[in-house]
$ cat data_27.cif   # mmCIF, N, CA and C atoms
data_work
#
loop_
_atom_site.label_atom_id
_atom_site.label_comp_id
_atom_site.auth_asym_id
_atom_site.auth_seq_id
_atom_site.Cartn_x
_atom_site.Cartn_y
_atom_site.Cartn_z
N MET A 89 26.50 -67.29 12.24
CA MET A 89 26.41 -66.63 13.53
C MET A 89 25.17 -67.03 14.33
N ALA A 90 24.22 -67.67 13.70
CA ALA A 90 22.99 -68.03 14.39
C ALA A 90 23.26 -68.98 15.56
N LEU A 91 24.19 -69.91 15.40
CA LEU A 91 24.49 -70.84 16.48
C LEU A 91 25.13 -70.13 17.67
N GLN A 92 25.96 -69.13 17.40
CA GLN A 92 26.56 -68.39 18.49
C GLN A 92 25.50 -67.65 19.29
N GLU A 93 24.45 -67.21 18.63
CA GLU A 93 23.35 -66.56 19.35
C GLU A 93 22.56 -67.59 20.15
N LYS A 94 22.29 -68.74 19.53
CA LYS A 94 21.54 -69.80 20.21
C LYS A 94 22.26 -70.24 21.49
N TYR A 95 23.58 -70.33 21.42
CA TYR A 95 24.38 -70.81 22.55
C TYR A 95 25.13 -69.70 23.27
N ARG A 96 24.61 -68.46 23.20
CA ARG A 96 25.25 -67.30 23.83
C ARG A 96 25.50 -67.54 25.32
N GLN A 97 24.53 -68.11 26.02
CA GLN A 97 24.67 -68.37 27.46
C GLN A 97 25.85 -69.31 27.72
N LEU A 98 26.01 -70.31 26.90
CA LEU A 98 27.10 -71.27 27.04
C LEU A 98 28.45 -70.61 26.76
N ILE A 99 28.51 -69.83 25.71
CA ILE A 99 29.75 -69.14 25.35
C ILE A 99 30.14 -68.14 26.43
N ASP A 100 29.17 -67.37 26.90
CA ASP A 100 29.44 -66.39 27.96
C ASP A 100 29.95 -67.08 29.22
N ALA A 101 29.35 -68.22 29.57
CA ALA A 101 29.78 -68.96 30.76
C ALA A 101 31.22 -69.46 30.59
N ALA A 102 31.57 -69.87 29.39
CA ALA A 102 32.95 -70.32 29.14
C ALA A 102 33.92 -69.17 29.39
N TYR A 103 33.57 -67.99 28.92
CA TYR A 103 34.44 -66.82 29.13
C TYR A 103 34.49 -66.42 30.61
N THR A 104 33.35 -66.33 31.25
CA THR A 104 33.33 -65.83 32.63
C THR A 104 33.86 -66.83 33.65
N ASN A 105 33.89 -68.11 33.30
CA ASN A 105 34.40 -69.12 34.22
C ASN A 105 35.85 -69.48 33.95
N GLY A 106 36.51 -68.69 33.13
CA GLY A 106 37.95 -68.83 32.95
C GLY A 106 38.42 -70.04 32.15
N VAL A 107 37.65 -70.47 31.14
CA VAL A 107 38.14 -71.54 30.28
C VAL A 107 39.38 -71.02 29.57
N SER A 108 40.50 -71.72 29.74
CA SER A 108 41.74 -71.26 29.12
C SER A 108 41.84 -71.77 27.68
N ASN A 109 42.58 -71.03 26.88
CA ASN A 109 42.76 -71.35 25.46
C ASN A 109 41.41 -71.52 24.75
N LEU A 110 40.45 -70.70 25.14
CA LEU A 110 39.10 -70.82 24.60
C LEU A 110 39.06 -70.43 23.12
N SER A 111 38.42 -71.30 22.35
CA SER A 111 38.22 -71.06 20.93
C SER A 111 36.77 -71.38 20.61
N VAL A 112 36.07 -70.42 20.00
CA VAL A 112 34.68 -70.61 19.60
C VAL A 112 34.61 -70.33 18.10
N LYS A 113 34.21 -71.36 17.36
CA LYS A 113 34.21 -71.24 15.89
C LYS A 113 32.96 -71.92 15.34
N GLU A 114 32.31 -71.25 14.42
CA GLU A 114 31.14 -71.81 13.75
C GLU A 114 31.54 -72.19 12.33
N GLN A 115 31.29 -73.46 11.98
CA GLN A 115 31.68 -73.94 10.67
C GLN A 115 30.72 -75.03 10.23
N ASN A 116 30.20 -74.94 9.02
CA ASN A 116 29.30 -75.94 8.44
C ASN A 116 28.13 -76.27 9.37
N ASN A 117 27.50 -75.23 9.90
CA ASN A 117 26.34 -75.36 10.79
C ASN A 117 26.63 -76.13 12.08
N VAL A 118 27.88 -76.09 12.52
CA VAL A 118 28.28 -76.69 13.79
C VAL A 118 29.10 -75.66 14.55
N LEU A 119 28.84 -75.53 15.86
CA LEU A 119 29.60 -74.63 16.72
C LEU A 119 30.64 -75.45 17.47
N TYR A 120 31.91 -75.09 17.30
CA TYR A 120 33.01 -75.77 17.96
C TYR A 120 33.49 -74.91 19.12
N ILE A 121 33.48 -75.50 20.33
CA ILE A 121 33.95 -74.81 21.52
C ILE A 121 35.08 -75.65 22.09
N ASN A 122 36.29 -75.09 22.11
CA ASN A 122 37.47 -75.81 22.58
C ASN A 122 38.17 -75.01 23.67
N GLY A 123 38.83 -75.72 24.57
CA GLY A 123 39.60 -75.07 25.62
C GLY A 123 39.89 -76.05 26.73
N SER A 124 40.33 -75.53 27.86
CA SER A 124 40.58 -76.37 29.03
C SER A 124 40.06 -75.66 30.27
N ALA A 125 39.59 -76.48 31.23
CA ALA A 125 38.98 -75.93 32.43
C ALA A 125 38.99 -76.98 33.53
N THR A 126 38.63 -76.55 34.72
CA THR A 126 38.50 -77.48 35.84
C THR A 126 37.29 -78.37 35.60
N GLY A 127 37.25 -79.47 36.32
CA GLY A 127 36.11 -80.38 36.21
C GLY A 127 34.81 -79.70 36.55
N ALA A 128 34.82 -78.84 37.57
CA ALA A 128 33.60 -78.14 37.98
C ALA A 128 33.09 -77.23 36.87
N VAL A 129 34.01 -76.55 36.19
CA VAL A 129 33.61 -75.67 35.09
C VAL A 129 33.08 -76.49 33.93
N LYS A 130 33.74 -77.61 33.62
CA LYS A 130 33.25 -78.49 32.55
C LYS A 130 31.83 -78.93 32.84
N ASP A 131 31.58 -79.35 34.08
CA ASP A 131 30.24 -79.80 34.46
C ASP A 131 29.22 -78.68 34.30
N LYS A 132 29.62 -77.48 34.68
CA LYS A 132 28.72 -76.33 34.58
C LYS A 132 28.37 -76.06 33.11
N LEU A 133 29.38 -76.13 32.24
CA LEU A 133 29.14 -75.88 30.81
C LEU A 133 28.21 -76.93 30.21
N TRP A 134 28.43 -78.20 30.57
CA TRP A 134 27.56 -79.26 30.06
C TRP A 134 26.15 -79.09 30.59
N SER A 135 26.01 -78.63 31.80
CA SER A 135 24.68 -78.39 32.37
C SER A 135 23.96 -77.29 31.60
N ILE A 136 24.68 -76.23 31.26
CA ILE A 136 24.09 -75.14 30.47
C ILE A 136 23.69 -75.64 29.10
N TYR A 137 24.57 -76.42 28.48
CA TYR A 137 24.26 -76.98 27.16
C TYR A 137 22.99 -77.83 27.25
N ASN A 138 22.89 -78.65 28.28
CA ASN A 138 21.73 -79.51 28.47
C ASN A 138 20.45 -78.71 28.66
N SER A 139 20.55 -77.54 29.30
CA SER A 139 19.36 -76.71 29.48
C SER A 139 18.91 -76.06 28.16
N ILE A 140 19.84 -75.84 27.25
CA ILE A 140 19.50 -75.25 25.95
C ILE A 140 18.95 -76.32 25.00
N ASP A 141 19.57 -77.50 25.03
CA ASP A 141 19.17 -78.60 24.14
C ASP A 141 19.04 -79.87 24.98
N PRO A 142 17.93 -79.99 25.75
CA PRO A 142 17.78 -81.07 26.74
C PRO A 142 17.94 -82.48 26.18
N ASP A 143 17.49 -82.71 24.98
CA ASP A 143 17.59 -84.06 24.40
C ASP A 143 18.88 -84.26 23.60
N MET A 144 19.67 -83.20 23.51
CA MET A 144 20.92 -83.22 22.75
C MET A 144 20.71 -83.77 21.35
N ARG A 145 19.64 -83.33 20.73
CA ARG A 145 19.30 -83.81 19.39
C ARG A 145 19.73 -82.88 18.28
N SER A 146 20.05 -81.66 18.63
CA SER A 146 20.40 -80.70 17.58
C SER A 146 21.68 -81.08 16.85
N ALA A 147 22.60 -81.72 17.54
CA ALA A 147 23.88 -82.12 16.95
C ALA A 147 24.57 -80.94 16.26
N ASP A 148 24.46 -79.76 16.89
CA ASP A 148 25.06 -78.58 16.29
C ASP A 148 26.16 -77.97 17.15
N VAL A 149 26.62 -78.72 18.18
CA VAL A 149 27.71 -78.26 19.04
C VAL A 149 28.70 -79.39 19.23
N VAL A 150 29.97 -79.06 19.09
CA VAL A 150 31.06 -79.96 19.47
C VAL A 150 31.82 -79.22 20.55
N MET A 151 31.74 -79.72 21.79
CA MET A 151 32.40 -79.05 22.91
C MET A 151 33.54 -79.94 23.38
N ASN A 152 34.74 -79.48 23.16
CA ASN A 152 35.94 -80.21 23.57
C ASN A 152 36.65 -79.40 24.64
N ILE A 153 36.24 -79.61 25.89
CA ILE A 153 36.86 -78.92 27.02
C ILE A 153 37.68 -79.95 27.78
N GLU A 154 38.98 -79.80 27.71
CA GLU A 154 39.88 -80.75 28.36
C GLU A 154 40.11 -80.39 29.82
N ALA A 155 40.48 -81.40 30.60
CA ALA A 155 40.80 -81.16 32.01
C ALA A 155 42.05 -80.30 32.08
N ASP A 156 41.97 -79.25 32.85
CA ASP A 156 43.06 -78.29 32.99
C ASP A 156 44.01 -78.77 34.08
N ALA A 157 45.15 -79.29 33.67
CA ALA A 157 46.13 -79.79 34.64
C ALA A 157 46.68 -78.68 35.52
N SER A 158 46.55 -77.44 35.07
CA SER A 158 47.10 -76.33 35.86
C SER A 158 46.31 -76.08 37.14
N SER A 159 45.13 -76.70 37.26
CA SER A 159 44.33 -76.45 38.45
C SER A 159 44.23 -77.68 39.34
N ALA A 160 45.19 -78.59 39.22
CA ALA A 160 45.12 -79.87 39.94
C ALA A 160 45.34 -79.71 41.45
N GLU A 161 46.05 -78.68 41.88
CA GLU A 161 46.33 -78.51 43.30
C GLU A 161 45.19 -77.79 44.00
N THR A 162 44.91 -78.20 45.23
CA THR A 162 43.87 -77.54 46.02
C THR A 162 44.44 -77.07 47.35
N TYR A 163 43.72 -76.15 47.97
CA TYR A 163 44.10 -75.63 49.28
C TYR A 163 42.81 -75.52 50.11
N THR A 164 42.87 -75.98 51.35
CA THR A 164 41.73 -75.88 52.25
C THR A 164 41.91 -74.66 53.14
N VAL A 165 40.95 -73.77 53.08
CA VAL A 165 40.99 -72.50 53.83
C VAL A 165 40.94 -72.78 55.33
N VAL A 166 41.78 -72.05 56.08
CA VAL A 166 41.76 -72.12 57.54
C VAL A 166 41.39 -70.75 58.09
N SER A 167 40.99 -70.70 59.33
CA SER A 167 40.60 -69.45 59.98
C SER A 167 41.72 -68.42 59.85
N GLY A 168 41.36 -67.21 59.48
CA GLY A 168 42.33 -66.13 59.34
C GLY A 168 42.89 -65.98 57.94
N ASP A 169 42.57 -66.91 57.05
CA ASP A 169 43.07 -66.84 55.68
C ASP A 169 42.37 -65.74 54.89
N SER A 170 43.08 -65.24 53.91
CA SER A 170 42.52 -64.38 52.87
C SER A 170 43.16 -64.88 51.57
N LEU A 171 42.62 -64.49 50.46
CA LEU A 171 43.22 -64.92 49.19
C LEU A 171 44.65 -64.41 49.07
N SER A 172 44.91 -63.23 49.59
CA SER A 172 46.27 -62.68 49.55
C SER A 172 47.24 -63.53 50.38
N LYS A 173 46.79 -63.92 51.58
CA LYS A 173 47.65 -64.76 52.43
C LYS A 173 47.91 -66.11 51.78
N ILE A 174 46.87 -66.67 51.18
CA ILE A 174 47.03 -67.97 50.51
C ILE A 174 48.00 -67.83 49.34
N ALA A 175 47.86 -66.76 48.56
CA ALA A 175 48.71 -66.55 47.38
C ALA A 175 50.19 -66.47 47.75
N LYS A 176 50.50 -65.93 48.94
CA LYS A 176 51.90 -65.81 49.37
C LYS A 176 52.56 -67.17 49.56
N ARG A 177 51.77 -68.22 49.74
CA ARG A 177 52.31 -69.57 49.90
C ARG A 177 52.79 -70.17 48.57
N TYR A 178 52.38 -69.55 47.47
CA TYR A 178 52.67 -70.08 46.13
C TYR A 178 53.43 -69.03 45.33
N PRO A 179 54.72 -69.27 45.05
CA PRO A 179 55.54 -68.29 44.32
C PRO A 179 54.90 -67.87 42.99
N GLY A 180 54.85 -66.58 42.77
CA GLY A 180 54.32 -66.03 41.52
C GLY A 180 52.81 -65.93 41.47
N MET A 181 52.14 -66.36 42.53
CA MET A 181 50.67 -66.37 42.58
C MET A 181 50.15 -65.06 43.15
N THR A 182 49.01 -64.60 42.65
CA THR A 182 48.34 -63.43 43.21
C THR A 182 46.96 -63.85 43.72
N TRP A 183 46.38 -63.02 44.57
CA TRP A 183 45.03 -63.32 45.06
C TRP A 183 44.05 -63.40 43.91
N ASN A 184 44.28 -62.57 42.88
CA ASN A 184 43.37 -62.53 41.73
C ASN A 184 43.46 -63.83 40.91
N ASP A 185 44.66 -64.43 40.83
CA ASP A 185 44.81 -65.71 40.13
C ASP A 185 43.94 -66.77 40.81
N ILE A 186 43.97 -66.80 42.13
CA ILE A 186 43.18 -67.78 42.89
C ILE A 186 41.69 -67.48 42.73
N PHE A 187 41.34 -66.19 42.81
CA PHE A 187 39.94 -65.81 42.64
C PHE A 187 39.40 -66.25 41.28
N LYS A 188 40.15 -66.00 40.21
CA LYS A 188 39.72 -66.37 38.86
C LYS A 188 39.57 -67.88 38.72
N ALA A 189 40.48 -68.63 39.36
CA ALA A 189 40.43 -70.10 39.26
C ALA A 189 39.25 -70.69 40.03
N ASN A 190 38.61 -69.87 40.87
CA ASN A 190 37.52 -70.37 41.72
C ASN A 190 36.22 -69.59 41.55
N GLN A 191 36.06 -68.94 40.41
CA GLN A 191 34.85 -68.14 40.19
C GLN A 191 33.58 -68.98 40.17
N ASP A 192 33.73 -70.30 40.01
CA ASP A 192 32.55 -71.15 40.05
C ASP A 192 31.98 -71.24 41.47
N GLN A 193 32.79 -70.90 42.49
CA GLN A 193 32.31 -70.96 43.87
C GLN A 193 32.49 -69.66 44.64
N LEU A 194 33.19 -68.68 44.06
CA LEU A 194 33.40 -67.40 44.75
C LEU A 194 32.78 -66.26 43.94
N SER A 195 31.95 -65.47 44.60
CA SER A 195 31.41 -64.28 43.94
C SER A 195 32.09 -63.03 44.47
N ASP A 196 32.77 -63.16 45.61
CA ASP A 196 33.44 -62.04 46.25
C ASP A 196 34.77 -62.55 46.81
N PRO A 197 35.91 -61.95 46.42
CA PRO A 197 37.20 -62.44 46.89
C PRO A 197 37.41 -62.31 48.40
N ASP A 198 36.58 -61.50 49.05
CA ASP A 198 36.71 -61.32 50.50
C ASP A 198 35.84 -62.28 51.30
N LYS A 199 35.09 -63.12 50.62
CA LYS A 199 34.17 -64.03 51.32
C LYS A 199 34.58 -65.48 51.12
N ILE A 200 35.62 -65.88 51.86
CA ILE A 200 36.02 -67.27 51.92
C ILE A 200 35.82 -67.73 53.35
N PHE A 201 35.74 -69.04 53.56
CA PHE A 201 35.46 -69.53 54.91
C PHE A 201 36.29 -70.78 55.21
N PRO A 202 36.60 -71.00 56.48
CA PRO A 202 37.37 -72.18 56.87
C PRO A 202 36.69 -73.47 56.39
N GLY A 203 37.51 -74.35 55.85
CA GLY A 203 37.01 -75.62 55.34
C GLY A 203 36.73 -75.60 53.85
N GLN A 204 36.63 -74.41 53.27
CA GLN A 204 36.39 -74.29 51.84
C GLN A 204 37.63 -74.78 51.08
N VAL A 205 37.42 -75.53 50.02
CA VAL A 205 38.52 -76.06 49.22
C VAL A 205 38.63 -75.24 47.95
N LEU A 206 39.79 -74.62 47.75
CA LEU A 206 40.04 -73.76 46.59
C LEU A 206 41.02 -74.43 45.64
N ASN A 207 40.79 -74.22 44.34
CA ASN A 207 41.74 -74.67 43.34
C ASN A 207 42.88 -73.67 43.26
N ILE A 208 44.10 -74.18 43.21
CA ILE A 208 45.28 -73.32 43.08
C ILE A 208 45.89 -73.56 41.71
N PRO A 209 45.80 -72.56 40.82
CA PRO A 209 46.38 -72.76 39.50
C PRO A 209 47.90 -72.78 39.58
N LYS A 210 48.51 -73.50 38.70
CA LYS A 210 49.97 -73.51 38.64
C LYS A 210 50.41 -72.33 37.79
N GLY A 211 51.43 -71.65 38.26
CA GLY A 211 51.95 -70.47 37.59
C GLY A 211 52.43 -70.76 36.24
#
$ encode --input "data_27.cif" --output "structure tokens"
Amino acid sequence: MALQEKYRQLIDAAYTNGVSNLSVKEQNNVLYINGSATGAVKDKLWSIYNSIDPDMRSADVVMNIEADASSAETYTVVSGDSLSKIAKRYPGMTWNDIFKANQDQLSDPDKIFPGQVLNIPKG
């Protein structure tokens, strides 16, 4: 469990940024983090890892975060849009689905702006 404490910030970021199929397992003094996420989330996780182990010398983490094909589509916000209005364009989509897929750039679902590019997860 010591590695999970050392990398708590990284693990928490994986959970809060919506890494799908997330698996965190410690085995033989190595922490394995697996799942899939958008490129932006992957970059964020690697940045956090680099801040914890800047020289990457510990060799105690294997992070296998694959590109999430479900987030390949994007939508550019126009004036008058809301997450609810955008979600209506995509069958089975909710405003919350879009919000979760974009938590790396949205802190409030009511604060989007024209020109902003949002990831649209596939249902």
$ select_by_dssp --input "data_27.cif" --residues "segment 98-194 of chain A" --states "alpha helix (DSSP H)" --output "PyMOL selection string"
chain A and resi 98-104+127-140+171-176+183-189
$ atom_distance --input "data_27.cif" --atom1 "atom CA of Ser146 of chain A" --atom2 "atom C of Ala101 of chain A"
20.3 Å
$ residues_around --input "data_27.cif" --residues "Ala125 of chain A" --least-positions-apart "6" --cutoff "6 Å" --atoms "all atoms listed in the file" --output "list in words"
Gly106, Val107, Ser108, Ile153, Glu154, Ala155 and Asp156 of chain A
$ select_by_dssp --input "data_27.cif" --residues "chain A" --states "strand (DSSP E or B)" --output "MDAnalysis selection string"
chainID A and resid 108:115 118:125 149:155 161:164 205:208
$ residues_near_point --input "data_27.cif" --point "(35.7, -69.8, 34.9)" --cutoff "6 Å" --atoms "all atoms listed in the file" --output "list in words"
Ala102, Tyr103, Thr104, Asn105, Gly106, Val107, Lys188, Gln191 and Asp192 of chain A
$ resolve_selection --input "data_27.cif" --expression "the PyMOL selection byres (((chain A and resi 202 and name CA) around 7) and name CA)" --output "PyMOL selection string"
chain A and resi 165-167+201+203-204
$ residues_around --input "data_27.cif" --residues "Ile121 of chain A" --least-positions-apart "3" --cutoff "6 Å" --atoms "all atoms listed in the file" --output "CSV table (one decimal) with N, CA and C atoms, in the coordinates of the input"
chain,number,residue,atom,x,y,z
A,111,SER,N,38.4,-71.3,22.4
A,111,SER,CA,38.2,-71.1,20.9
A,111,SER,C,36.8,-71.4,20.6
A,112,VAL,N,36.1,-70.4,20.0
A,112,VAL,CA,34.7,-70.6,19.6
A,112,VAL,C,34.6,-70.3,18.1
A,113,LYS,N,34.2,-71.4,17.4
A,113,LYS,CA,34.2,-71.2,15.9
A,113,LYS,C,33.0,-71.9,15.3
A,150,VAL,N,30.0,-79.1,19.1
A,150,VAL,CA,31.1,-80.0,19.5
A,150,VAL,C,31.8,-79.2,20.6
A,151,MET,N,31.7,-79.7,21.8
A,151,MET,CA,32.4,-79.0,22.9
A,151,MET,C,33.5,-79.9,23.4
A,152,ASN,N,34.7,-79.5,23.2
A,152,ASN,CA,35.9,-80.2,23.6
A,152,ASN,C,36.6,-79.4,24.6
A,153,ILE,N,36.2,-79.6,25.9
A,153,ILE,CA,36.9,-78.9,27.0
A,153,ILE,C,37.7,-80.0,27.8
$ atom_distance --input "data_27.cif" --atom1 "atom C of Ile186 of chain A" --atom2 "atom CA of Ile208 of chain A"
6.9 Å
$ closest_residue --input "data_27.cif" --among "A:Asp185, A:Gly123, A:Ser172, A:Leu98" --to "Ile136 of chain A" --atoms "all atoms listed in the file"
A:Leu98
$ axis_aligned_box --input "data_27.cif" --around "segment 198-209 of chain A" --padding-each-side "5 Å" --output "lines of an AutoDock Vina configuration file"
center_x = 41.0
center_y = -68.7
center_z = 48.2
size_x = 23.7
size_y = 24.7
size_z = 27.4
$ atom_distance --input "data_27.cif" --atom1 "atom N of Asp148 of chain A" --atom2 "atom N of Leu110 of chain A"
20.1 Å
$ residues_around --input "data_27.cif" --residues "Phe187 of chain A" --least-positions-apart "6" --cutoff "8 Å" --atoms "only N, CA and C atoms" --output "ChimeraX atom specification"
/A:171,194,196-197,207
